[in-house]
Amino acid sequence: MSKNAIIVIGANGAIAQAFIKEQRARYPNHPLITISRGNMPLLDDYHTHIECDYSEAQINLVAENIKASIQLSQSISIFNGQLHNGQFGPEKRLEDINERYLTWLLKTNTITPMLWLKAIGQHLTHQSACVITVLSARVASIDDNVLGGWYSYRASKAALNMAVKTASIELARRAKHCKCVLFHPGTTDSPLSKPFQNNVPEGKLFPPSFVAQQLSNLIDSREHNTLVDYIDWQGNRINW
Ligand SMILES: NC(=O)c1ccc[n+]([C@@H]2O[C@H](COP(=O)([O-])OP(=O)(O)OC[C@H]3O[C@@H](n4cnc5c(N)ncnc54)[C@H](OP(=O)(O)O)[C@@H]3O)[C@@H](O)[C@H]2O)c1
């Protein structure tokens with residue numbers, strides 16, 4: 001049984017990798033479980049890596065295999081999310097909406113994290129006391145949407161926000177010391193933001209290491225109430 005485990009899902013992303021490094025520096029002897037589509041080198045004897053293709057069956061199996069660690073984890077962080085690939089990118093206007101792109105983003109940004117919430121949630125109890133962080137985005141805010149565009153990404157992350165909000169209501173009944181966080185990292189230097197970095201104002205493109213420190217501070221300082229926090233890298237609340 002892994003007490004105080006740190007569980008990182010989508011571990012090979014740029015922000016996730018920096019977060020793992022930051023967590024290792026803060027908690028060198030805590031069990032670390034990383035999950036990704038691919039392999040990654042083990043950092044030390046306390047580190048376990050699990051490969052997962054993010055199918056529902058594999059997500060359930062992975063969660064079942066680490067259920068004791070989930071139950072007593074200190075943090076579970078879900079980094080999965082995509083924005084573009086060689087073929088598709090964010091829409092500028094209604095005519096750009098494409099079923100395949102929308103379906104891909106809904107799968108990656110909404111369905112995969114929801115399947116993790118389902119698989120994890122059933123192993124959490126009132127004895128659990130973890131912070132469950134899911135990477136969201138400010139553009140998911142319906143109130144703050146003044147620029148328009150980016151239909152699929154906005155919709156997939158807004159749906160994710162609703163799912164995490166709903167999960168937090170249920171967790172209050174079955175794991176009342178678990179805290180859900182929807183986190184906007186700010187524009188961060190990663191493969192996901194690469195094509196959109198030209199218009200970012202000076203000093204507003206964050207290195208993943210900075211975001212990892214901010215996120216770690218925010219996790220450490222969270223009050224374990226049953227409310228979901230939708231916050232940015234500064235800890236400021238974002239309108240729904
Ligand atoms: N970078 C930014 O400016 C920015 C801004 C706002 C929000 N975010 C959010 O932050 C999170 C991390 O992004 P990043 O910037 O670190 O980008 P990244 O380096 O491109 O990481 C991509 C993430 O998505 C996962 N992933 C890739 N393809 C997937 C698929 N087909 N199905 C499920 N998961 C898949 C990866 O997991 P594996 O370990 O399996 O590869 C990894 O966790 C995302 O949710 C993103 O939406 C980023």
# chains A, B, ... in the order shown; residues from 1 in each chain; ligands from 1

call {"tool": "residues_near_ligand", "arguments": {"ligand": "ligand 1", "cutoff": "9 Å", "atoms": "only C-alpha atoms and all ligand atoms", "output": "ChimeraX atom specification"}}
result
/A:8-18,34-39,51-54,78-83,104-105,107-109,111-113,134-139,153,157,183-194,196-197,205-206,208

call {"tool": "residues_around", "arguments": {"residues": "Ser75 in chain A", "least_positions_apart": "6", "cutoff": "12 Å", "atoms": "only C-alpha atoms", "output": "VMD selection string"}}
result
chain A and resid 3 to 9 19 to 20 23 27 30 to 34 69 120 124 128 to 134 177 to 181 215 to 216 218 to 220 222 224

call {"tool": "write_last_selection", "arguments": {"atoms": "N, CA, C and O atoms", "output": "short mmCIF file (atom, residue, chain, number, x, y, z; two decimals), in the first residue's frame"}}
result
data_model
loop_
_atom_site.label_atom_id
_atom_site.label_comp_id
_atom_site.auth_asym_id
_atom_site.auth_seq_id
_atom_site.Cartn_x
_atom_site.Cartn_y
_atom_site.Cartn_z
N LYS A 3 1.16 4.88 0.85
CA LYS A 3 0.59 6.04 1.55
C LYS A 3 1.18 7.33 0.97
O LYS A 3 2.35 7.37 0.62
N ASN A 4 0.35 8.37 0.87
CA ASN A 4 0.80 9.66 0.36
C ASN A 4 1.34 9.59 -1.05
O ASN A 4 2.27 10.32 -1.41
N ALA A 5 0.80 8.71 -1.85
CA ALA A 5 1.28 8.60 -3.23
C ALA A 5 0.93 9.85 -4.03
O ALA A 5 -0.07 10.52 -3.78
N ILE A 6 1.80 10.11 -4.99
CA ILE A 6 1.58 11.20 -5.96
C ILE A 6 1.32 10.51 -7.29
O ILE A 6 2.16 9.76 -7.78
N ILE A 7 0.14 10.74 -7.85
CA ILE A 7 -0.25 10.04 -9.08
C ILE A 7 -0.38 11.07 -10.20
O ILE A 7 -1.09 12.08 -10.06
N VAL A 8 0.33 10.83 -11.28
CA VAL A 8 0.37 11.79 -12.40
C VAL A 8 -0.09 11.07 -13.67
O VAL A 8 0.55 10.11 -14.11
N ILE A 9 -1.17 11.56 -14.25
CA ILE A 9 -1.77 10.93 -15.44
C ILE A 9 -1.54 11.84 -16.65
O ILE A 9 -1.77 13.05 -16.57
N PHE A 19 6.08 19.10 -13.60
CA PHE A 19 5.38 18.87 -12.32
C PHE A 19 6.01 17.68 -11.58
O PHE A 19 6.21 17.73 -10.36
N ILE A 20 6.30 16.63 -12.32
CA ILE A 20 6.92 15.45 -11.71
C ILE A 20 8.26 15.84 -11.07
O ILE A 20 8.56 15.45 -9.94
N GLN A 23 7.57 17.87 -7.93
CA GLN A 23 7.06 17.01 -6.86
C GLN A 23 8.17 16.15 -6.27
O GLN A 23 8.21 15.91 -5.05
N TYR A 27 8.93 16.11 -2.46
CA TYR A 27 8.55 14.87 -1.74
C TYR A 27 9.38 13.70 -2.25
O TYR A 27 8.85 12.77 -2.89
N HIS A 30 8.16 10.02 -1.34
CA HIS A 30 6.77 9.60 -1.51
C HIS A 30 6.64 8.71 -2.75
O HIS A 30 7.30 8.96 -3.76
N PRO A 31 5.79 7.72 -2.68
CA PRO A 31 5.57 6.90 -3.87
C PRO A 31 5.05 7.76 -5.01
O PRO A 31 4.15 8.56 -4.82
N LEU A 32 5.65 7.59 -6.18
CA LEU A 32 5.25 8.34 -7.37
C LEU A 32 4.77 7.34 -8.41
O LEU A 32 5.51 6.41 -8.76
N ILE A 33 3.54 7.53 -8.87
CA ILE A 33 3.00 6.66 -9.92
C ILE A 33 2.71 7.53 -11.13
O ILE A 33 1.92 8.47 -11.05
N THR A 34 3.38 7.26 -12.24
CA THR A 34 3.12 8.01 -13.46
C THR A 34 2.43 7.11 -14.48
O THR A 34 2.71 5.90 -14.55
N SER A 69 -3.17 2.68 -3.55
CA SER A 69 -2.43 3.94 -3.65
C SER A 69 -3.38 5.10 -3.90
O SER A 69 -3.19 6.20 -3.35
N ILE A 120 -11.02 6.40 -10.78
CA ILE A 120 -10.37 6.80 -9.53
C ILE A 120 -11.41 6.95 -8.42
O ILE A 120 -11.22 6.48 -7.29
N LEU A 124 -11.98 6.01 -3.87
CA LEU A 124 -11.81 7.03 -2.83
C LEU A 124 -12.88 6.86 -1.76
O LEU A 124 -14.03 6.51 -2.07
N SER A 128 -9.88 9.02 2.49
CA SER A 128 -8.98 9.63 1.51
C SER A 128 -8.90 11.14 1.75
O SER A 128 -9.87 11.75 2.21
N ALA A 129 -7.75 11.72 1.40
CA ALA A 129 -7.58 13.17 1.54
C ALA A 129 -6.65 13.68 0.45
O ALA A 129 -5.52 14.09 0.73
N CYS A 130 -7.11 13.61 -0.77
CA CYS A 130 -6.23 14.00 -1.86
C CYS A 130 -6.78 15.20 -2.62
O CYS A 130 -7.97 15.50 -2.55
N VAL A 131 -5.89 15.87 -3.31
CA VAL A 131 -6.29 16.93 -4.23
C VAL A 131 -6.27 16.35 -5.64
O VAL A 131 -5.24 15.85 -6.10
N ILE A 132 -7.42 16.39 -6.29
CA ILE A 132 -7.52 15.88 -7.67
C ILE A 132 -7.52 17.10 -8.59
O ILE A 132 -8.46 17.88 -8.61
N THR A 133 -6.44 17.25 -9.34
CA THR A 133 -6.32 18.39 -10.25
C THR A 133 -6.53 17.92 -11.68
O THR A 133 -5.95 16.91 -12.10
N VAL A 134 -7.35 18.64 -12.41
CA VAL A 134 -7.55 18.34 -13.83
C VAL A 134 -7.18 19.60 -14.61
O VAL A 134 -7.63 20.70 -14.28
N HIS A 177 -13.12 14.43 2.06
CA HIS A 177 -11.87 15.18 2.24
C HIS A 177 -11.07 15.29 0.94
O HIS A 177 -9.92 15.73 0.96
N CYS A 178 -11.67 14.89 -0.17
CA CYS A 178 -11.00 15.03 -1.46
C CYS A 178 -11.42 16.34 -2.11
O CYS A 178 -12.58 16.71 -2.09
N LYS A 179 -10.45 17.00 -2.67
CA LYS A 179 -10.66 18.34 -3.21
C LYS A 179 -10.42 18.33 -4.72
O LYS A 179 -9.38 17.83 -5.17
N CYS A 180 -11.35 18.86 -5.50
CA CYS A 180 -11.18 18.91 -6.96
C CYS A 180 -10.74 20.31 -7.38
O CYS A 180 -11.27 21.31 -6.91
N VAL A 181 -9.78 20.34 -8.29
CA VAL A 181 -9.26 21.60 -8.81
C VAL A 181 -9.24 21.54 -10.34
O VAL A 181 -8.76 20.56 -10.92
N LEU A 215 1.57 25.32 -9.54
CA LEU A 215 0.58 24.27 -9.31
C LEU A 215 0.88 23.52 -8.01
O LEU A 215 -0.03 23.25 -7.21
N SER A 216 2.15 23.23 -7.77
CA SER A 216 2.52 22.52 -6.54
C SER A 216 2.18 23.35 -5.31
O SER A 216 1.67 22.83 -4.31
N LEU A 218 -0.17 25.61 -5.13
CA LEU A 218 -1.63 25.67 -5.02
C LEU A 218 -2.18 24.36 -4.44
O LEU A 218 -3.09 24.39 -3.61
N ILE A 219 -1.64 23.24 -4.86
CA ILE A 219 -2.09 21.95 -4.31
C ILE A 219 -1.79 21.91 -2.81
O ILE A 219 -2.65 21.54 -2.00
N ASP A 220 -0.58 22.30 -2.45
CA ASP A 220 -0.18 22.24 -1.03
C ASP A 220 -1.05 23.14 -0.16
O ASP A 220 -1.26 22.84 1.02
N ARG A 222 -4.26 24.04 -0.73
CA ARG A 222 -5.71 23.87 -0.86
C ARG A 222 -6.38 23.49 0.44
O ARG A 222 -5.89 22.61 1.15
N HIS A 224 -9.18 21.43 2.05
CA HIS A 224 -9.87 20.23 1.56
C HIS A 224 -11.37 20.32 1.83
O HIS A 224 -11.94 19.51 2.54
#

call {"tool": "closest_residue", "arguments": {"among": "A:Lys118, A:Arg24, A:Arg174, A:His84", "to": "Ala57 in chain A", "atoms": "only C-alpha atoms"}}
result
A:Lys118

call {"tool": "closest_residue", "arguments": {"among": "A:Asn217, A:Gln122, A:Ser152, A:Asn29", "to": "Gln71 in chain A", "atoms": "only C-alpha atoms"}}
result
A:Gln122

call {"tool": "residues_around", "arguments": {"residues": "Lys92 in chain A", "least_positions_apart": "2", "cutoff": "7 Å", "atoms": "only C-alpha atoms", "output": "PyMOL selection string"}}
result
chain A and resi 90+96+149-150

call {"tool": "select_by_dssp", "arguments": {"residues": "range 11-233 of chain A", "states": "strand (DSSP E)", "output": "ChimeraX atom specification"}}
result
/A:32-36,47-51,75-78,131-135,179-184,229-232

call {"tool": "closest_residue", "arguments": {"among": "A:Gln58, A:Gln127, A:Gly86, A:Asn225", "to": "Ser73 in chain A", "atoms": "only C-alpha atoms"}}
result
A:Gln127

call {"tool": "atom_distance", "arguments": {"atom1": "CA of Asn145 in chain A", "atom2": "CA of Asn239 in chain A"}}
result
10.1 Å

call {"tool": "closest_residue", "arguments": {"among": "A:Phe210, A:Phe88, A:Trp240, A:Trp116", "to": "Ser55 in chain A", "atoms": "only C-alpha atoms"}}
result
A:Trp116

call {"tool": "atom_distance", "arguments": {"atom1": "CA of Ala63 in chain A", "atom2": "CA of His47 in chain A"}}
result
16.4 Å

call {"tool": "closest_residue", "arguments": {"among": "A:Asn60, A:Thr226, A:Asn236, A:Asn85", "to": "Thr166 in chain A", "atoms": "only C-alpha atoms"}}
result
A:Thr226

call {"tool": "atom_distance", "arguments": {"atom1": "CA of Gln214 in chain A", "atom2": "CA of Gln234 in chain A"}}
result
7.0 Å

call {"tool": "residues_around", "arguments": {"residues": "Ser168 in chain A", "least_positions_apart": "3", "cutoff": "7 Å", "atoms": "only C-alpha atoms", "output": "list in words"}}
result
Val164, Lys165, Leu171, Ala172, Cys180, Thr226, Leu227 and Val228 of chain A

call {"tool": "select_by_dssp", "arguments": {"residues": "range 58-126 of chain A", "states": "helix (DSSP H, G or I)", "output": "VMD selection string"}}
result
chain A and resid 58 to 65 67 to 71 94 to 96 99 to 121

call {"tool": "write_last_selection", "arguments": {"atoms": "N, CA, C and O atoms", "output": "short mmCIF file (atom, residue, chain, number, x, y, z; two decimals), in the first residue's frame"}}
result
data_model
loop_
_atom_site.label_atom_id
_atom_site.label_comp_id
_atom_site.auth_asym_id
_atom_site.auth_seq_id
_atom_site.Cartn_x
_atom_site.Cartn_y
_atom_site.Cartn_z
N GLN A 58 -8.61 -0.28 -20.20
CA GLN A 58 -7.27 -0.14 -19.59
C GLN A 58 -7.28 0.85 -18.44
O GLN A 58 -6.59 0.66 -17.44
N ILE A 59 -8.04 1.93 -18.59
CA ILE A 59 -8.13 2.90 -17.48
C ILE A 59 -8.69 2.21 -16.23
O ILE A 59 -8.14 2.36 -15.13
N ASN A 60 -9.73 1.42 -16.41
CA ASN A 60 -10.32 0.71 -15.26
C ASN A 60 -9.32 -0.27 -14.65
O ASN A 60 -9.21 -0.39 -13.42
N LEU A 61 -8.58 -0.97 -15.52
CA LEU A 61 -7.61 -1.96 -15.05
C LEU A 61 -6.48 -1.29 -14.26
O LEU A 61 -6.10 -1.75 -13.18
N VAL A 62 -5.96 -0.19 -14.81
CA VAL A 62 -4.86 0.51 -14.13
C VAL A 62 -5.34 0.97 -12.76
O VAL A 62 -4.66 0.78 -11.74
N ALA A 63 -6.53 1.58 -12.72
CA ALA A 63 -7.05 2.09 -11.43
C ALA A 63 -7.26 0.95 -10.43
O ALA A 63 -6.96 1.10 -9.24
N GLU A 64 -7.74 -0.17 -10.91
CA GLU A 64 -7.94 -1.34 -10.03
C GLU A 64 -6.59 -1.80 -9.45
O GLU A 64 -6.47 -2.09 -8.26
N ASN A 65 -5.57 -1.81 -10.30
CA ASN A 65 -4.24 -2.28 -9.87
C ASN A 65 -3.59 -1.36 -8.85
O ASN A 65 -2.71 -1.80 -8.09
N LYS A 67 -5.40 0.67 -6.69
CA LYS A 67 -6.50 1.24 -5.88
C LYS A 67 -6.07 1.59 -4.46
O LYS A 67 -6.54 2.60 -3.91
N ALA A 68 -5.16 0.80 -3.87
CA ALA A 68 -4.72 1.13 -2.51
C ALA A 68 -3.95 2.45 -2.51
O ALA A 68 -4.09 3.25 -1.58
N SER A 69 -3.17 2.68 -3.55
CA SER A 69 -2.43 3.94 -3.65
C SER A 69 -3.38 5.10 -3.90
O SER A 69 -3.19 6.20 -3.35
N ILE A 70 -4.40 4.89 -4.73
CA ILE A 70 -5.39 5.94 -4.98
C ILE A 70 -6.06 6.34 -3.68
O ILE A 70 -6.18 7.52 -3.35
N GLN A 71 -6.46 5.34 -2.92
CA GLN A 71 -7.23 5.61 -1.69
C GLN A 71 -6.46 6.50 -0.72
O GLN A 71 -7.03 7.35 -0.06
N LEU A 94 -17.42 29.54 -37.87
CA LEU A 94 -18.34 28.39 -37.87
C LEU A 94 -18.03 27.39 -38.98
O LEU A 94 -18.09 26.17 -38.78
N GLU A 95 -17.67 27.93 -40.17
CA GLU A 95 -17.41 27.05 -41.32
C GLU A 95 -16.26 26.10 -41.08
O GLU A 95 -16.11 25.08 -41.77
N ASP A 96 -15.39 26.41 -40.11
CA ASP A 96 -14.22 25.56 -39.86
C ASP A 96 -14.55 24.33 -39.00
O ASP A 96 -13.72 23.45 -38.83
N GLU A 99 -16.21 17.55 -37.89
CA GLU A 99 -16.65 16.49 -36.99
C GLU A 99 -15.48 15.68 -36.43
O GLU A 99 -15.46 15.33 -35.25
N ARG A 100 -14.50 15.40 -37.29
CA ARG A 100 -13.38 14.56 -36.82
C ARG A 100 -12.54 15.29 -35.77
O ARG A 100 -12.09 14.70 -34.79
N TYR A 101 -12.31 16.59 -36.01
CA TYR A 101 -11.53 17.39 -35.04
C TYR A 101 -12.29 17.49 -33.71
O TYR A 101 -11.73 17.26 -32.63
N LEU A 102 -13.58 17.82 -33.81
CA LEU A 102 -14.40 17.94 -32.60
C LEU A 102 -14.44 16.62 -31.83
O LEU A 102 -14.28 16.60 -30.60
N THR A 103 -14.60 15.53 -32.54
CA THR A 103 -14.66 14.21 -31.89
C THR A 103 -13.33 13.89 -31.19
O THR A 103 -13.30 13.39 -30.06
N TRP A 104 -12.23 14.21 -31.87
CA TRP A 104 -10.89 13.95 -31.31
C TRP A 104 -10.69 14.74 -30.01
O TRP A 104 -10.23 14.20 -29.00
N LEU A 105 -11.06 16.04 -30.05
CA LEU A 105 -10.86 16.85 -28.85
C LEU A 105 -11.79 16.44 -27.72
O LEU A 105 -11.40 16.43 -26.55
N LEU A 106 -13.02 16.08 -28.06
CA LEU A 106 -13.93 15.62 -27.00
C LEU A 106 -13.39 14.35 -26.35
O LEU A 106 -13.46 14.17 -25.14
N LYS A 107 -12.82 13.48 -27.17
CA LYS A 107 -12.25 12.23 -26.61
C LYS A 107 -11.07 12.54 -25.70
O LYS A 107 -10.99 12.05 -24.58
N THR A 108 -10.15 13.36 -26.20
CA THR A 108 -8.91 13.61 -25.45
C THR A 108 -9.13 14.52 -24.25
O THR A 108 -8.59 14.26 -23.17
N ASN A 109 -9.89 15.57 -24.44
CA ASN A 109 -9.99 16.62 -23.42
C ASN A 109 -11.13 16.40 -22.43
O ASN A 109 -11.09 16.96 -21.34
N THR A 110 -12.14 15.65 -22.83
CA THR A 110 -13.31 15.47 -21.96
C THR A 110 -13.47 14.01 -21.54
O THR A 110 -13.51 13.70 -20.34
N ILE A 111 -13.57 13.12 -22.53
CA ILE A 111 -13.92 11.73 -22.20
C ILE A 111 -12.79 11.03 -21.44
O ILE A 111 -13.04 10.38 -20.41
N THR A 112 -11.57 11.20 -21.90
CA THR A 112 -10.46 10.52 -21.19
C THR A 112 -10.36 10.97 -19.74
O THR A 112 -10.34 10.13 -18.83
N PRO A 113 -10.32 12.29 -19.45
CA PRO A 113 -10.30 12.67 -18.03
C PRO A 113 -11.54 12.18 -17.26
O PRO A 113 -11.43 11.81 -16.08
N MET A 114 -12.72 12.16 -17.91
CA MET A 114 -13.92 11.67 -17.22
C MET A 114 -13.80 10.18 -16.88
O MET A 114 -14.24 9.73 -15.81
N LEU A 115 -13.21 9.42 -17.78
CA LEU A 115 -13.04 7.98 -17.49
C LEU A 115 -12.06 7.80 -16.33
O LEU A 115 -12.23 6.90 -15.50
N TRP A 116 -11.04 8.68 -16.26
CA TRP A 116 -10.14 8.60 -15.11
C TRP A 116 -10.88 8.95 -13.82
O TRP A 116 -10.70 8.30 -12.79
N LEU A 117 -11.72 10.00 -13.88
CA LEU A 117 -12.47 10.38 -12.67
C LEU A 117 -13.34 9.22 -12.19
O LEU A 117 -13.43 8.94 -11.00
N LYS A 118 -13.99 8.56 -13.15
CA LYS A 118 -14.84 7.41 -12.80
C LYS A 118 -14.01 6.30 -12.15
O LYS A 118 -14.36 5.78 -11.09
N ALA A 119 -12.88 5.97 -12.80
CA ALA A 119 -12.06 4.85 -12.32
C ALA A 119 -11.43 5.16 -10.97
O ALA A 119 -11.35 4.29 -10.09
N ILE A 120 -11.02 6.40 -10.78
CA ILE A 120 -10.37 6.80 -9.53
C ILE A 120 -11.41 6.95 -8.42
O ILE A 120 -11.22 6.48 -7.29
N GLY A 121 -12.52 7.61 -8.77
CA GLY A 121 -13.52 7.98 -7.76
C GLY A 121 -14.05 6.80 -6.98
O GLY A 121 -14.32 6.91 -5.78
#

call {"tool": "decode", "arguments": {"residues": "range 142-172 of chain A", "atoms": "C-alpha atoms", "output": "short mmCIF file (atom, residue, chain, number, x, y, z; two decimals), in the first residue's frame"}}
result
data_model
loop_
_atom_site.label_atom_id
_atom_site.label_comp_id
_atom_site.auth_asym_id
_atom_site.auth_seq_id
_atom_site.Cartn_x
_atom_site.Cartn_y
_atom_site.Cartn_z
CA ILE A 142 -18.41 30.73 -20.82
CA ASP A 143 -18.55 34.10 -19.01
CA ASP A 144 -15.10 35.15 -20.21
CA ASN A 145 -15.62 34.22 -23.87
CA VAL A 146 -15.48 37.57 -25.65
CA LEU A 147 -13.15 36.69 -28.53
CA GLY A 148 -15.04 33.69 -29.95
CA GLY A 149 -13.41 31.01 -32.13
CA TRP A 150 -11.78 27.78 -30.89
CA TYR A 151 -15.17 26.03 -30.82
CA SER A 152 -13.99 22.50 -30.21
CA TYR A 153 -11.32 23.25 -27.62
CA ARG A 154 -13.60 25.62 -25.71
CA ALA A 155 -16.49 23.14 -25.81
CA SER A 156 -14.38 20.15 -24.78
CA LYS A 157 -12.83 21.95 -21.81
CA ALA A 158 -16.16 23.56 -20.76
CA ALA A 159 -17.70 20.07 -20.75
CA LEU A 160 -14.74 18.87 -18.69
CA ASN A 161 -15.38 21.67 -16.19
CA MET A 162 -19.00 20.58 -15.82
CA ALA A 163 -17.95 16.94 -15.31
CA VAL A 164 -15.43 17.83 -12.60
CA LYS A 165 -17.94 20.14 -10.89
CA THR A 166 -20.46 17.28 -10.91
CA ALA A 167 -17.87 14.80 -9.60
CA SER A 168 -17.03 17.13 -6.72
CA ILE A 169 -20.70 17.08 -5.63
CA GLU A 170 -20.67 13.29 -5.61
CA LEU A 171 -17.30 13.08 -3.86
CA ALA A 172 -18.67 15.24 -1.07
#
